[in-house]
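Here the structure comes first, spelled out in structure tokens, and everything after it is commentary.
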Amino acid sequence: MRSIWNGAISFGLVSIPIKLVNATESHSISFRQVHTEDNGRIRYRKFCELEDREVTQSEIGKGYEEADGTIVPITDEDLSHLPIPTARTIEIVAFVPADRIDPLQMDAAYYLAASGAPAAKPYTLLREALKRSNKVAIAKYALRGRERLGMLRVVGDAIAMHGLLWPDEVRAPEGVAPDVDVRVRDKELDLADALMDTLGEVDLEDLHDEYREALEEVVAAKAAGETPPEAPEPAKGGKVLDLMAALEKSVRAAKESRGEGAEPAETEEARVTTLPSKKSASAARKTAAKRPTAKEAVTTKKAASAKKAATAKTAKKATATKSTAKKTPAKKAAAKKTAASRKRSA
């Protein structure tokens, strides 16, 4: 791998000569601009405005344009003598836990290669110190005309450096989240968890760029004078408005794709509910205030039941009293008849 920067790591009073090499590479397919009528290449030529002629790359340098249009030339020699310690040095300023680094700050990645045999010992010392501490090193360095922030960590037997954005270069997520209040129910969260568990994990080595592969097929077909493959028809499906139904369907589809039996899920109408506005909430509270509470409703029901039971008991007693009143004269008449019969016998 070709180095893109030579310098040293400053680790306290220890200096470690290193070479900076790119840790990543792009596999994307690039296109040239062509004239659509004859496929001729479109090229951009660099002209000097004063001499009105094309110049070569070796004639091109750097310059800073001031507000009045004046150009101040800046040479590589000027940049190499900048009055900062990071001009040719990766200066470690702190060691912190890796979770202190916001992934939003991550930028390009590089490998730091030891430059020569004298660098082997201090390079290994720093690597092992990082391993044992379970921390990463925060450093400052200069590259391509500006000072940058970096994070050093161990990758295998090497030290890697991730370029970091400065904290003030990361935007706050203002106006990104939904600006309405929504309520998500436990049942919906349970289904979301089930979907996450069903999808499970993945080995990143198994993932590949399908777009690039399809593009390569198109280029190969065109080069061979064949008809490029057509894209498959997108799956047609109705728009699912019910969140619960969508989650349940997703869980079943994920299980089927893994060859698992999908258990029939309980379908229940449930949606993400938008909370009422302050005005609606106020009206709802006034309406609720006029209605009896649950405790009052139970008390009223018990009182009604007791009243009904008392009424039934009174009616039953009255009926019994009336029946007794009807039976009493009959008993008296029977008693008189029995007494008269006994007297005649005597």
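Ligands are numbered from 1 in the order shown, residues from 1 within each chain, and chains are lettered A, B, ... in the order they appear in the structure tokens.
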
Using only C-alpha atoms, what does the table of segment 39-152 of chain A residues within 12 Å of segment 14-33 of chain A look like, with each row giving the shortest atom pair and its distance in Å to one decimal, sorted by chain and ascending number, as JSON lines?
```
{"residue": "A:Asn39", "atom": "CA", "partner": "A:Gln33", "partner_atom": "CA", "distance": 8.7}
{"residue": "A:Gly40", "atom": "CA", "partner": "A:Gln33", "partner_atom": "CA", "distance": 8.6}
{"residue": "A:Arg41", "atom": "CA", "partner": "A:Gln33", "partner_atom": "CA", "distance": 6.2}
{"residue": "A:Ile42", "atom": "CA", "partner": "A:Gln33", "partner_atom": "CA", "distance": 5.4}
{"residue": "A:Arg43", "atom": "CA", "partner": "A:Gln33", "partner_atom": "CA", "distance": 7.8}
{"residue": "A:Tyr44", "atom": "CA", "partner": "A:Gln33", "partner_atom": "CA", "distance": 10.3}
{"residue": "A:Arg88", "atom": "CA", "partner": "A:Pro17", "partner_atom": "CA", "distance": 10.2}
{"residue": "A:Thr89", "atom": "CA", "partner": "A:Ser15", "partner_atom": "CA", "distance": 9.0}
{"residue": "A:Ile90", "atom": "CA", "partner": "A:Ile18", "partner_atom": "CA", "distance": 9.4}
{"residue": "A:Glu91", "atom": "CA", "partner": "A:Ser15", "partner_atom": "CA", "distance": 9.5}
{"residue": "A:Ile92", "atom": "CA", "partner": "A:Val14", "partner_atom": "CA", "distance": 10.7}
{"residue": "A:Asp107", "atom": "CA", "partner": "A:Thr24", "partner_atom": "CA", "distance": 11.3}
{"residue": "A:Ala108", "atom": "CA", "partner": "A:Thr24", "partner_atom": "CA", "distance": 8.1}
{"residue": "A:Ala109", "atom": "CA", "partner": "A:Ala23", "partner_atom": "CA", "distance": 5.4}
{"residue": "A:Tyr110", "atom": "CA", "partner": "A:Ala23", "partner_atom": "CA", "distance": 4.4}
{"residue": "A:Tyr111", "atom": "CA", "partner": "A:Val21", "partner_atom": "CA", "distance": 5.3}
{"residue": "A:Leu112", "atom": "CA", "partner": "A:Leu20", "partner_atom": "CA", "distance": 5.1}
{"residue": "A:Ala113", "atom": "CA", "partner": "A:Lys19", "partner_atom": "CA", "distance": 5.1}
{"residue": "A:Ala114", "atom": "CA", "partner": "A:Ile18", "partner_atom": "CA", "distance": 4.6}
{"residue": "A:Ser115", "atom": "CA", "partner": "A:Ile18", "partner_atom": "CA", "distance": 4.6}
{"residue": "A:Gly116", "atom": "CA", "partner": "A:Pro17", "partner_atom": "CA", "distance": 7.7}
{"residue": "A:Ala117", "atom": "CA", "partner": "A:Pro17", "partner_atom": "CA", "distance": 9.7}
{"residue": "A:Pro118", "atom": "CA", "partner": "A:Pro17", "partner_atom": "CA", "distance": 8.2}
{"residue": "A:Ala119", "atom": "CA", "partner": "A:Ile16", "partner_atom": "CA", "distance": 5.4}
{"residue": "A:Ala120", "atom": "CA", "partner": "A:Ile16", "partner_atom": "CA", "distance": 8.3}
{"residue": "A:Lys121", "atom": "CA", "partner": "A:Ile16", "partner_atom": "CA", "distance": 8.8}
{"residue": "A:Pro122", "atom": "CA", "partner": "A:Ile16", "partner_atom": "CA", "distance": 6.1}
{"residue": "A:Tyr123", "atom": "CA", "partner": "A:Ile16", "partner_atom": "CA", "distance": 6.2}
{"residue": "A:Thr124", "atom": "CA", "partner": "A:Ile16", "partner_atom": "CA", "distance": 9.9}
{"residue": "A:Leu125", "atom": "CA", "partner": "A:Ile16", "partner_atom": "CA", "distance": 10.1}
{"residue": "A:Leu126", "atom": "CA", "partner": "A:Ile16", "partner_atom": "CA", "distance": 9.2}
{"residue": "A:Arg127", "atom": "CA", "partner": "A:Ile16", "partner_atom": "CA", "distance": 11.5}
{"residue": "A:Tyr141", "atom": "CA", "partner": "A:Leu20", "partner_atom": "CA", "distance": 11.4}
{"residue": "A:Ala142", "atom": "CA", "partner": "A:Leu20", "partner_atom": "CA", "distance": 11.9}
{"residue": "A:Leu143", "atom": "CA", "partner": "A:Leu20", "partner_atom": "CA", "distance": 10.4}
```

For those residues, write N, CA, C and O atoms to a file as a CSV table (one decimal), in the first residue's frame.
```
chain,number,residue,atom,x,y,z
A,39,ASN,N,-19.9,9.8,-29.0
A,39,ASN,CA,-19.2,9.2,-27.9
A,39,ASN,C,-17.8,9.7,-27.7
A,39,ASN,O,-16.9,9.1,-27.1
A,40,GLY,N,-17.5,10.9,-28.2
A,40,GLY,CA,-16.2,11.5,-27.9
A,40,GLY,C,-16.1,12.0,-26.5
A,40,GLY,O,-17.0,12.4,-25.8
A,41,ARG,N,-14.9,11.8,-25.9
A,41,ARG,CA,-14.6,12.2,-24.5
A,41,ARG,C,-14.8,13.7,-24.3
A,41,ARG,O,-14.3,14.5,-25.1
A,42,ILE,N,-15.4,14.1,-23.2
A,42,ILE,CA,-15.5,15.5,-22.8
A,42,ILE,C,-14.4,15.7,-21.8
A,42,ILE,O,-14.3,15.0,-20.7
A,43,ARG,N,-13.5,16.6,-22.0
A,43,ARG,CA,-12.4,16.9,-21.1
A,43,ARG,C,-12.4,18.4,-20.7
A,43,ARG,O,-12.9,19.2,-21.4
A,44,TYR,N,-11.9,18.6,-19.5
A,44,TYR,CA,-11.8,19.9,-19.0
A,44,TYR,C,-10.3,20.4,-19.0
A,44,TYR,O,-9.4,19.7,-18.5
A,88,ARG,N,3.9,17.8,10.9
A,88,ARG,CA,4.3,16.5,10.5
A,88,ARG,C,4.3,15.5,11.6
A,88,ARG,O,5.0,14.5,11.6
A,89,THR,N,3.4,15.8,12.6
A,89,THR,CA,3.3,15.0,13.8
A,89,THR,C,1.8,14.7,14.1
A,89,THR,O,1.0,15.6,14.1
A,90,ILE,N,1.6,13.4,14.4
A,90,ILE,CA,0.3,13.0,15.0
A,90,ILE,C,0.4,13.1,16.5
A,90,ILE,O,1.0,12.3,17.1
A,91,GLU,N,-0.1,14.2,17.1
A,91,GLU,CA,0.2,14.5,18.5
A,91,GLU,C,-1.0,14.0,19.3
A,91,GLU,O,-2.1,14.4,19.3
A,92,ILE,N,-0.7,12.9,20.2
A,92,ILE,CA,-1.7,12.4,21.0
A,92,ILE,C,-1.9,13.3,22.2
A,92,ILE,O,-1.0,13.7,22.9
A,107,ASP,N,-14.8,9.9,10.2
A,107,ASP,CA,-14.5,10.3,8.9
A,107,ASP,C,-13.7,9.2,8.2
A,107,ASP,O,-13.9,8.0,8.5
A,108,ALA,N,-12.7,9.6,7.4
A,108,ALA,CA,-11.9,8.6,6.7
A,108,ALA,C,-11.0,7.8,7.7
A,108,ALA,O,-10.7,8.2,8.8
A,109,ALA,N,-10.6,6.6,7.2
A,109,ALA,CA,-9.8,5.7,8.1
A,109,ALA,C,-8.5,5.4,7.4
A,109,ALA,O,-8.4,5.3,6.2
A,110,TYR,N,-7.5,5.3,8.3
A,110,TYR,CA,-6.1,5.1,7.8
A,110,TYR,C,-5.4,4.0,8.7
A,110,TYR,O,-5.8,3.8,9.8
A,111,TYR,N,-4.4,3.4,8.1
A,111,TYR,CA,-3.5,2.5,8.9
A,111,TYR,C,-2.2,3.3,9.1
A,111,TYR,O,-1.7,4.0,8.2
A,112,LEU,N,-1.7,3.2,10.3
A,112,LEU,CA,-0.4,3.8,10.7
A,112,LEU,C,0.7,2.7,10.6
A,112,LEU,O,0.6,1.7,11.5
A,113,ALA,N,1.6,2.7,9.7
A,113,ALA,CA,2.6,1.7,9.5
A,113,ALA,C,3.9,2.2,10.1
A,113,ALA,O,4.3,3.4,9.9
A,114,ALA,N,4.6,1.3,10.9
A,114,ALA,CA,5.9,1.7,11.5
A,114,ALA,C,6.9,2.0,10.3
A,114,ALA,O,7.0,1.2,9.4
A,115,SER,N,7.6,3.1,10.4
A,115,SER,CA,8.6,3.5,9.4
A,115,SER,C,10.0,3.1,9.8
A,115,SER,O,10.6,3.8,10.5
A,116,GLY,N,10.4,1.9,9.4
A,116,GLY,CA,11.7,1.4,9.7
A,116,GLY,C,11.8,0.6,11.0
A,116,GLY,O,10.9,0.7,11.8
A,117,ALA,N,13.0,0.0,11.1
A,117,ALA,CA,13.2,-0.9,12.3
A,117,ALA,C,13.2,-0.1,13.6
A,117,ALA,O,12.6,-0.6,14.6
A,118,PRO,N,13.7,1.1,13.7
A,118,PRO,CA,13.7,1.8,15.0
A,118,PRO,C,12.3,2.1,15.5
A,118,PRO,O,12.2,2.3,16.7
A,119,ALA,N,11.4,2.1,14.6
A,119,ALA,CA,10.0,2.5,15.1
A,119,ALA,C,9.2,1.2,15.6
A,119,ALA,O,8.2,1.4,16.2
A,120,ALA,N,9.8,0.0,15.4
A,120,ALA,CA,9.1,-1.2,15.8
A,120,ALA,C,8.8,-1.2,17.3
A,120,ALA,O,7.6,-1.6,17.7
A,121,LYS,N,9.8,-0.9,18.1
A,121,LYS,CA,9.6,-1.1,19.6
A,121,LYS,C,8.6,0.0,20.1
A,121,LYS,O,7.6,-0.4,20.8
A,122,PRO,N,8.7,1.3,19.9
A,122,PRO,CA,7.7,2.2,20.4
A,122,PRO,C,6.4,2.0,19.8
A,122,PRO,O,5.3,2.2,20.4
A,123,TYR,N,6.3,1.6,18.5
A,123,TYR,CA,5.0,1.3,17.9
A,123,TYR,C,4.3,0.2,18.6
A,123,TYR,O,3.1,0.3,18.9
A,124,THR,N,5.0,-0.9,18.9
A,124,THR,CA,4.4,-2.1,19.6
A,124,THR,C,4.0,-1.7,21.0
A,124,THR,O,3.0,-2.1,21.6
A,125,LEU,N,4.8,-0.8,21.7
A,125,LEU,CA,4.5,-0.3,23.0
A,125,LEU,C,3.2,0.4,23.0
A,125,LEU,O,2.3,0.1,23.9
A,126,LEU,N,3.0,1.3,22.1
A,126,LEU,CA,1.7,2.1,22.0
A,126,LEU,C,0.6,1.1,21.7
A,126,LEU,O,-0.5,1.3,22.4
A,127,ARG,N,0.8,0.2,20.8
A,127,ARG,CA,-0.3,-0.7,20.5
A,127,ARG,C,-0.7,-1.6,21.7
A,127,ARG,O,-1.9,-1.7,22.0
A,141,TYR,N,-3.6,16.3,14.0
A,141,TYR,CA,-2.6,16.1,13.0
A,141,TYR,C,-3.0,17.1,11.8
A,141,TYR,O,-4.2,17.5,11.7
A,142,ALA,N,-2.1,17.4,11.0
A,142,ALA,CA,-2.3,18.2,9.8
A,142,ALA,C,-2.2,17.4,8.5
A,142,ALA,O,-1.3,16.6,8.3
A,143,LEU,N,-3.2,17.5,7.7
A,143,LEU,CA,-3.3,16.8,6.4
A,143,LEU,C,-4.0,17.6,5.4
A,143,LEU,O,-5.1,18.1,5.7
```

Please provide the set of residues having any atom within 12 Å of Gly63 of chain A, restricted to only C-alpha atoms, with same-chain residues fewer than 4 positions apart removed, written as a JSON list (two decimals) with all heavy atoms, in the first residue's frame.
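Dumped everything to result-v9.json:
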```
[["chain", "number", "residue", "atom", "x", "y", "z"],
["A", 69, "GLY", "N", -9.85, 40.45, -4.42],
["A", 69, "GLY", "CA", -9.48, 39.68, -5.60],
["A", 69, "GLY", "C", -8.00, 39.43, -5.73],
["A", 69, "GLY", "O", -7.56, 38.70, -6.63],
["A", 70, "THR", "N", -7.19, 40.01, -4.86],
["A", 70, "THR", "CA", -5.74, 39.79, -4.91],
["A", 70, "THR", "C", -5.41, 38.35, -4.52],
["A", 70, "THR", "O", -5.97, 37.81, -3.56],
["A", 70, "THR", "CB", -5.01, 40.76, -3.95],
["A", 70, "THR", "OG1", -5.37, 42.10, -4.29],
["A", 70, "THR", "CG2", -3.50, 40.58, -4.04],
["A", 71, "ILE", "N", -4.52, 37.72, -5.27],
["A", 71, "ILE", "CA", -4.12, 36.34, -4.99],
["A", 71, "ILE", "C", -2.80, 36.33, -4.22],
["A", 71, "ILE", "O", -1.80, 36.93, -4.67],
["A", 71, "ILE", "CB", -3.96, 35.53, -6.29],
["A", 71, "ILE", "CG1", -5.29, 35.50, -7.06],
["A", 71, "ILE", "CG2", -3.48, 34.11, -5.99],
["A", 71, "ILE", "CD1", -6.40, 34.76, -6.34],
["A", 72, "VAL", "N", -2.79, 35.68, -3.08],
["A", 72, "VAL", "CA", -1.58, 35.53, -2.28],
["A", 72, "VAL", "C", -1.06, 34.11, -2.51],
["A", 72, "VAL", "O", -1.71, 33.14, -2.12],
["A", 72, "VAL", "CB", -1.86, 35.76, -0.79],
["A", 72, "VAL", "CG1", -0.57, 35.57, 0.02],
["A", 72, "VAL", "CG2", -2.45, 37.13, -0.55],
["A", 73, "PRO", "N", 0.09, 33.94, -3.16],
["A", 73, "PRO", "CA", 0.60, 32.59, -3.43],
["A", 73, "PRO", "C", 1.07, 31.89, -2.15],
["A", 73, "PRO", "O", 1.72, 32.50, -1.29],
["A", 73, "PRO", "CB", 1.78, 32.83, -4.38],
["A", 73, "PRO", "CG", 2.21, 34.23, -4.10],
["A", 73, "PRO", "CD", 0.97, 34.99, -3.71],
["A", 74, "ILE", "N", 0.71, 30.60, -2.02],
["A", 74, "ILE", "CA", 1.12, 29.78, -0.89],
["A", 74, "ILE", "C", 1.82, 28.55, -1.43],
["A", 74, "ILE", "O", 1.24, 27.80, -2.23],
["A", 74, "ILE", "CB", -0.10, 29.37, -0.02],
["A", 74, "ILE", "CG1", -0.85, 30.59, 0.49],
["A", 74, "ILE", "CG2", 0.35, 28.47, 1.14],
["A", 74, "ILE", "CD1", -0.08, 31.44, 1.46],
["A", 75, "THR", "N", 3.05, 28.33, -1.02],
["A", 75, "THR", "CA", 3.83, 27.20, -1.52],
["A", 75, "THR", "C", 3.80, 26.04, -0.52],
["A", 75, "THR", "O", 3.44, 26.22, 0.65],
["A", 75, "THR", "CB", 5.28, 27.62, -1.78],
["A", 75, "THR", "OG1", 5.89, 27.96, -0.52],
["A", 75, "THR", "CG2", 5.34, 28.83, -2.71],
["A", 76, "ASP", "N", 4.22, 24.87, -0.99],
["A", 76, "ASP", "CA", 4.33, 23.72, -0.10],
["A", 76, "ASP", "C", 5.36, 23.97, 0.99],
["A", 76, "ASP", "O", 5.24, 23.48, 2.11],
["A", 76, "ASP", "CB", 4.72, 22.47, -0.90],
["A", 76, "ASP", "CG", 3.59, 22.00, -1.82],
["A", 76, "ASP", "OD1", 2.43, 22.36, -1.54],
["A", 76, "ASP", "OD2", 3.88, 21.30, -2.81],
["A", 78, "ASP", "N", 5.86, 26.86, 2.40],
["A", 78, "ASP", "CA", 5.16, 27.66, 3.42],
["A", 78, "ASP", "C", 4.35, 26.77, 4.35],
["A", 78, "ASP", "O", 4.34, 26.97, 5.57],
["A", 78, "ASP", "CB", 4.23, 28.68, 2.75],
["A", 78, "ASP", "CG", 4.98, 29.70, 1.92],
["A", 78, "ASP", "OD1", 6.14, 30.02, 2.28],
["A", 78, "ASP", "OD2", 4.42, 30.17, 0.91],
["A", 79, "LEU", "N", 3.68, 25.80, 3.78],
["A", 79, "LEU", "CA", 2.82, 24.91, 4.58],
["A", 79, "LEU", "C", 3.65, 23.99, 5.48],
["A", 79, "LEU", "O", 3.20, 23.63, 6.57],
["A", 79, "LEU", "CB", 1.93, 24.08, 3.66],
["A", 79, "LEU", "CG", 0.92, 24.85, 2.80],
["A", 79, "LEU", "CD1", 0.16, 23.92, 1.88],
["A", 79, "LEU", "CD2", -0.05, 25.63, 3.69],
["A", 145, "GLY", "N", -3.58, 20.52, 4.04],
["A", 145, "GLY", "CA", -3.77, 21.94, 4.25],
["A", 145, "GLY", "C", -4.63, 22.34, 5.43],
["A", 145, "GLY", "O", -4.98, 23.51, 5.57]]
```

- Query: Can you list every residue in segment 61-229 of chain A that DSSP puts in alpha helix (DSSP H), as a PyMOL selection string?
  - Reply: chain A and resi 76-80+120-133+186-199+210-223

Using only C-alpha atoms, the residue out of A:Asp190, A:Ala224, A:Glu233, A:Gly61 with shortest distance to Leu247 of chain A is A:Asp190

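Atom to atom, atom CA of Val136 of chain A and atom CA of Pro97 of chain A stand 6.1 Å apart.
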
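Of all the residues in segment 124-230 of chain A, the ones DSSP labels as strand (DSSP E or B) from the backbone are A:Lys135, A:Val136, A:Ala137, A:Ile138, A:Ala139, A:Lys140, A:Tyr141, A:Ala142, A:Leu143, A:Arg146, A:Glu147, A:Arg148, A:Leu149, A:Gly150, A:Met151, A:Leu152, A:Arg153, A:Val154, A:Val155, A:Ala158, A:Ile159, A:Ala160, A:Met161, A:His162, A:Gly163, A:Leu164, A:Val182, A:Arg183.
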